[in-house]
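> Just dropping this structure here.
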Amino acid sequence: MRNLFSYILKQYFFFLFLLLEVIAFSFVLQNNFQRATFLNSTGKVTGTILSAMNNVSEYLTLKRANEKLVNENAHLRNLLPDSYLITDKEEHYSRDSMYRYIGAKVISNSVNHQKNYLMLNKGSRHGIARDMGVITSDGIVGTVVDVTPQFSRVMSVLHINNKINGRILKNNHLGTVEWTGNYYRNGMLVDIPMHVELYPGDTIITSGNSLIFPEGIMVGTVEEYNKLPNEKFNTALIQYAVDYNNLYYVYVIVNLKKKEQMRLEKNPTNDQ
Amino acid sequence: MTSKVFINIIRFLILVFLQVFILENINLRGYINPYLYVYFILLLPFETPGWLLLISSFVLGFSIDTFLGTMGIHTASSVLMAFSRPLVIKAIPSRKDFEPGMKPSISDLGFLWFFSYSLILILIHHLALFYIEVFRFTDFFNTFLRVVISSFFTLLLVIIAQYLFFKASGKN
């Protein structure tokens with residue numbers, strides 16, 4: 001036993017290295033629950049520092065952010081019932097609304113990793129929960145993966161494991177949008193059936209098949225599509241509608257009917 | 001001695017700040033991500049005890065990880081780099097003899113020594129970092145390309161930093 005101790009003491013450099021690597025890998029491999037606890041403890045400090053830095057850099061981008069908000073306000077104004085000549089007020093029931101939007105500010109963002117995440121300045125205290133979609137006025141941004149009371153962490157569209165249910169607007173064919181992992185403006189639409197024709201400029205939107213995103217949120221446009229003659233399913237290069245390097249304010253989508261939808265999916269009717 | 005500790009703590013803070021708020025916001029088509037923060041590990045004095053080398057690298061990687069929201073990948077690769085450092089120092093022949101008070105720098109040990117020392121350690125760090133990040137061996141060559149390009153830019157920044165602060169590091 002004493003020999004063992006003296007051996008470890010002599011080789012302490014190696015054993016300390018092993019110990020630290022084990023700790024580091026336990027961070028890498030932690031599951032969702034552990035990650036949330038971890039973020040809860042570290043998020044307060046880093047979140048506060050990131051928010052403070054963000055307050056500084058915000059001044060530099062204020063003009064562009066304002067322009068965007070004005071444009072969006074104008075667009076929303078166009079959607080008001082007053083903007084239509086004929087208004088059928090009977091059809092607008094507020095309790096029928098399916099989605100609620102929570103505005104939040106991006107306090108940290110990256111586009112140059114293989115797995116990119118964003119941090120938002122709002123969390124569970126503001127009604128944000130896991131698996132909520134995040135969008136901007138331009139299109140889709142990502143999915144909430146972790147929340148703390150004050151902050152939330154969003155898995156960006158620019159994450160090699162993030163797969164989005166997409167749909168080709170003109171012919172309603174479904175496909176999956178993935179990130180190429182290279183340039184942050186380009187992704188790919190995979191699983192396009194052989195008979196579908198696609199041209200540069202064709203629009204890809206969210207399919208609405210998931211509980212996360214409503215239907216029809218802009219994803220991107222086709223940039224290049226080379227159909228291979230012998231492949232059953234093809235891949236198209238798309239350009240994202242959102243400039244992910246240029247995000248200030250985003251909307252978190254709360255699906256108000258999610259519980260009801262999930263209940264239906266969990267208890268399928270017994271046909272036999 | 002205390003001034004050396006102080007200088008290293010300041011360097012630590014500056015490099016973490018640079019990495020998190022400036023270098024992370026520069027991106028060039030997703031292939032080039034310099035990780036200049038490893039400069040801290042490169043510049044630690046030769047007489048730094050092993051435990052301190054490992055622990056400070058751990059804390060460095062951990063700080064980067066918490067700010068970037070990347071779980072453990074920078075911690076794991078920084079610790080690996082710190083562990084390899086004594087081996088690399090032993091392996092690279094130096095024309096000058098090691099004297100007490102010498103620092104791992106161009107001014108003390110020459111360009112060629114510092115270049116190979118930094119290159120090997122940065123490659124070790126970046127290889128670990130990028131492969132742990134993707135955590136799979138598909139796209140092996142794509143990841144490898146990213147390692148090579150990013151290592152080149154990290155090394156370039158390290159050398160530039162050496163020449164920028166040549167005088168300052170010569171005195172201390």
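To be explicit about the labels: the chains of the structure tokens are called A, B, and onward in the order shown, and within each one the residues are counted from 1, while ligands get numbers from 1 in the order they are shown.
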Please, which residues in chain B fall within 10 Å of chain A when counting only C-alpha atoms, and what is the closest atom pair and distance in Å to one decimal for each, ordered by chain then residue number, as a tab-separated table?


residue	atom	partner	partner_atom	distance
B:Val20	CA	A:Leu50	CA	9.4
B:Phe21	CA	A:Met53	CA	8.2
B:Glu24	CA	A:Ser110	CA	6.9
B:Asn25	CA	A:Ser110	CA	7.0
B:Ile26	CA	A:Asn112	CA	8.5
B:Asn27	CA	A:Asn112	CA	6.0
B:Leu28	CA	A:Asn112	CA	8.0
B:Arg29	CA	A:Tyr183	CA	4.7
B:Gly30	CA	A:Asn112	CA	4.6
B:Tyr31	CA	A:Asn182	CA	6.6
B:Ile32	CA	A:Asn112	CA	7.8
B:Asn33	CA	A:Asn112	CA	6.8
B:Pro49	CA	A:Phe13	CA	9.3
B:Gly50	CA	A:Phe13	CA	5.9
B:Trp51	CA	A:Phe13	CA	6.4
B:Leu52	CA	A:Phe13	CA	9.9
B:Leu53	CA	A:Phe13	CA	9.5
B:Leu54	CA	A:Phe17	CA	6.7
B:Ile55	CA	A:Leu20	CA	8.0
B:Ser57	CA	A:Leu20	CA	9.9
B:Phe58	CA	A:Leu20	CA	7.2
B:Gly61	CA	A:Ala24	CA	9.2
B:Phe62	CA	A:Ala24	CA	8.4
B:Ser63	CA	A:Thr46	CA	9.1
B:Asp65	CA	A:Phe27	CA	9.8
B:Thr66	CA	A:Thr42	CA	6.8
B:Phe67	CA	A:Thr46	CA	5.9
B:Leu68	CA	A:Ser108	CA	8.0
B:Gly69	CA	A:Tyr117	CA	7.2
B:Thr70	CA	A:Val28	CA	8.2
B:Met71	CA	A:Val28	CA	5.1
B:Gly72	CA	A:Val28	CA	4.8
B:Ile73	CA	A:Val28	CA	6.2
B:His74	CA	A:Ala24	CA	8.5
B:Thr75	CA	A:Ala24	CA	5.7
B:Ala76	CA	A:Ala24	CA	5.0
B:Ser77	CA	A:Glu21	CA	8.6
B:Ser78	CA	A:Glu21	CA	9.5
B:Val79	CA	A:Glu21	CA	6.8
B:Leu80	CA	A:Phe17	CA	7.6
B:Ala82	CA	A:Phe17	CA	8.7
B:Phe83	CA	A:Phe17	CA	6.5
B:Ser84	CA	A:Phe17	CA	10.0
B:Phe130	CA	A:Gln114	CA	8.5
B:Ile132	CA	A:Val28	CA	8.4
B:Glu133	CA	A:Gln114	CA	7.1
B:Val134	CA	A:Gln114	CA	6.5
B:Phe135	CA	A:Val28	CA	9.8
B:Asp139	CA	A:Gly181	CA	9.9
B:Asn142	CA	A:Asn182	CA	9.1
B:Thr143	CA	A:Gln114	CA	9.5
B:Arg146	CA	A:Asn182	CA	9.4

> With DSSP run on the backbone, what are the strand (DSSP E or B) residues within segment 39-146 of chain A? I'd like them as a list in words.

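Across segment 39-146 of chain A, those assigned strand (DSSP E or B) are Tyr99, Arg100, Tyr101, Ile102, Gly103, Ala104, Lys105, Val106, Ile107, Ser108, Asn109, Lys115, Asn116, Tyr117, Leu118, Met119, Leu120, Gly133, Val134, Ile135, Ile140, Val141, Gly142, Thr143, Val144, Val145 and Asp146 of chain A.
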
> Need to verify the contact set: segment 4-10 of chain B, 12 Å, only C-alpha atoms, exclusion of same-chain residues closer than 2 positions in sequence. Can you return it as a ChimeraX atom specification?

/B:1-2,12-17,39-48,52-53,56-57,59-60,101,103,168-169,171-172

> Name the residues in contact with segment 114-119 of chain B at a cut-off of 8 Å, using only C-alpha atoms, excluding same-chain residues fewer than 6 positions from it; report them as a PDB file with all heavy atoms, in the first residue's frame.


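Below is the file selection_23.pdb, written as the result:
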ATOM      1  N   LEU B  42       1.621  28.037 -23.579  1.00  0.00           N
ATOM      2  CA  LEU B  42       2.937  28.066 -24.218  1.00  0.00           C
ATOM      3  C   LEU B  42       3.924  28.901 -23.412  1.00  0.00           C
ATOM      4  O   LEU B  42       5.093  28.576 -23.318  1.00  0.00           O
ATOM      5  CB  LEU B  42       2.815  28.656 -25.630  1.00  0.00           C
ATOM      6  CG  LEU B  42       2.081  27.830 -26.687  1.00  0.00           C
ATOM      7  CD1 LEU B  42       1.978  28.607 -27.980  1.00  0.00           C
ATOM      8  CD2 LEU B  42       2.807  26.518 -26.928  1.00  0.00           C
ATOM      9  N   VAL B  88       7.340  17.637 -24.932  1.00  0.00           N
ATOM     10  CA  VAL B  88       7.749  18.353 -26.138  1.00  0.00           C
ATOM     11  C   VAL B  88       9.027  19.145 -25.873  1.00  0.00           C
ATOM     12  O   VAL B  88       9.942  19.157 -26.691  1.00  0.00           O
ATOM     13  CB  VAL B  88       6.607  19.288 -26.632  1.00  0.00           C
ATOM     14  CG1 VAL B  88       7.071  20.157 -27.780  1.00  0.00           C
ATOM     15  CG2 VAL B  88       5.411  18.458 -27.055  1.00  0.00           C
ATOM     16  N   ILE B  89       9.089  19.776 -24.695  1.00  0.00           N
ATOM     17  CA  ILE B  89      10.286  20.555 -24.359  1.00  0.00           C
ATOM     18  C   ILE B  89      11.508  19.642 -24.331  1.00  0.00           C
ATOM     19  O   ILE B  89      12.574  19.983 -24.832  1.00  0.00           O
ATOM     20  CB  ILE B  89      10.104  21.259 -22.988  1.00  0.00           C
ATOM     21  CG1 ILE B  89       9.077  22.378 -23.120  1.00  0.00           C
ATOM     22  CG2 ILE B  89      11.436  21.819 -22.483  1.00  0.00           C
ATOM     23  CD1 ILE B  89       8.699  23.039 -21.821  1.00  0.00           C
ATOM     24  N   ILE B  92      12.498  18.536 -28.135  1.00  0.00           N
ATOM     25  CA  ILE B  92      13.070  19.473 -29.111  1.00  0.00           C
ATOM     26  C   ILE B  92      14.484  19.860 -28.689  1.00  0.00           C
ATOM     27  O   ILE B  92      14.691  20.362 -27.590  1.00  0.00           O
ATOM     28  CB  ILE B  92      12.212  20.749 -29.222  1.00  0.00           C
ATOM     29  CG1 ILE B  92      10.790  20.379 -29.580  1.00  0.00           C
ATOM     30  CG2 ILE B  92      12.791  21.686 -30.278  1.00  0.00           C
ATOM     31  CD1 ILE B  92       9.868  21.561 -29.584  1.00  0.00           C
ATOM     32  N   PRO B 104      10.112  30.281 -22.294  1.00  0.00           N
ATOM     33  CA  PRO B 104       9.890  29.727 -23.628  1.00  0.00           C
ATOM     34  C   PRO B 104       9.490  30.853 -24.587  1.00  0.00           C
ATOM     35  O   PRO B 104       8.308  31.156 -24.729  1.00  0.00           O
ATOM     36  CB  PRO B 104       8.755  28.725 -23.425  1.00  0.00           C
ATOM     37  CG  PRO B 104       8.118  29.083 -22.141  1.00  0.00           C
ATOM     38  CD  PRO B 104       9.086  29.887 -21.342  1.00  0.00           C
ATOM     39  N   SER B 105      10.445  31.477 -25.212  1.00  0.00           N
ATOM     40  CA  SER B 105      10.135  32.597 -26.100  1.00  0.00           C
ATOM     41  C   SER B 105      11.160  32.658 -27.210  1.00  0.00           C
ATOM     42  O   SER B 105      12.223  32.027 -27.146  1.00  0.00           O
ATOM     43  CB  SER B 105      10.146  33.906 -25.308  1.00  0.00           C
ATOM     44  OG  SER B 105      11.445  34.153 -24.855  1.00  0.00           O
ATOM     45  N   ILE B 106      10.850  33.441 -28.230  1.00  0.00           N
ATOM     46  CA  ILE B 106      11.780  33.592 -29.346  1.00  0.00           C
ATOM     47  C   ILE B 106      13.056  34.282 -28.880  1.00  0.00           C
ATOM     48  O   ILE B 106      14.156  33.912 -29.264  1.00  0.00           O
ATOM     49  CB  ILE B 106      11.114  34.398 -30.489  1.00  0.00           C
ATOM     50  CG1 ILE B 106       9.990  33.574 -31.116  1.00  0.00           C
ATOM     51  CG2 ILE B 106      12.141  34.772 -31.555  1.00  0.00           C
ATOM     52  CD1 ILE B 106       9.279  34.244 -32.256  1.00  0.00           C
ATOM     53  N   SER B 151      -4.794  25.638 -36.965  1.00  0.00           N
ATOM     54  CA  SER B 151      -3.493  25.602 -36.285  1.00  0.00           C
ATOM     55  C   SER B 151      -2.558  26.627 -36.911  1.00  0.00           C
ATOM     56  O   SER B 151      -1.822  27.320 -36.209  1.00  0.00           O
ATOM     57  CB  SER B 151      -2.851  24.223 -36.402  1.00  0.00           C
ATOM     58  OG  SER B 151      -3.675  23.260 -35.835  1.00  0.00           O
ATOM     59  N   LEU B 155      -0.939  29.629 -34.823  1.00  0.00           N
ATOM     60  CA  LEU B 155       0.516  29.765 -34.779  1.00  0.00           C
ATOM     61  C   LEU B 155       0.939  31.150 -35.263  1.00  0.00           C
ATOM     62  O   LEU B 155       1.804  31.798 -34.668  1.00  0.00           O
ATOM     63  CB  LEU B 155       1.151  28.670 -35.645  1.00  0.00           C
ATOM     64  CG  LEU B 155       2.674  28.579 -35.593  1.00  0.00           C
ATOM     65  CD1 LEU B 155       3.145  28.242 -34.193  1.00  0.00           C
ATOM     66  CD2 LEU B 155       3.178  27.512 -36.564  1.00  0.00           C
ATOM     67  N   ILE B 159       3.070  33.848 -33.104  1.00  0.00           N
ATOM     68  CA  ILE B 159       4.352  34.432 -33.537  1.00  0.00           C
ATOM     69  C   ILE B 159       4.245  35.956 -33.573  1.00  0.00           C
ATOM     70  O   ILE B 159       5.147  36.666 -33.122  1.00  0.00           O
ATOM     71  CB  ILE B 159       4.729  33.887 -34.940  1.00  0.00           C
ATOM     72  CG1 ILE B 159       4.805  32.358 -34.930  1.00  0.00           C
ATOM     73  CG2 ILE B 159       6.035  34.523 -35.421  1.00  0.00           C
ATOM     74  CD1 ILE B 159       6.094  31.758 -34.505  1.00  0.00           C
TER      75      ILE B 159
END

> Atom CA of Ser207 of chain A to atom CA of Leu174 of chain A: how many Å, to one decimal?

7.1 Å

> Enter the distance from atom CA of His126 of chain B to atom CA of Val147 of chain B, in Å, rounded to one decimal.

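Separating atom CA of His126 of chain B from atom CA of Val147 of chain B is a distance of 5.7 Å.
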
> May I ask for the distance between atom CA of Ala104 of chain A and atom CA of Val252 of chain A, given in Å to one decimal place?

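Computing the Euclidean distance for atom CA of Ala104 of chain A and atom CA of Val252 of chain A yields 7.2 Å.
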
> I'd like to know which residues of segment 10-207 of chain A are alpha helix (DSSP H) (by DSSP, run on the backbone); could you write them as number ranges by chain?

A: 10, 12-28, 32-79
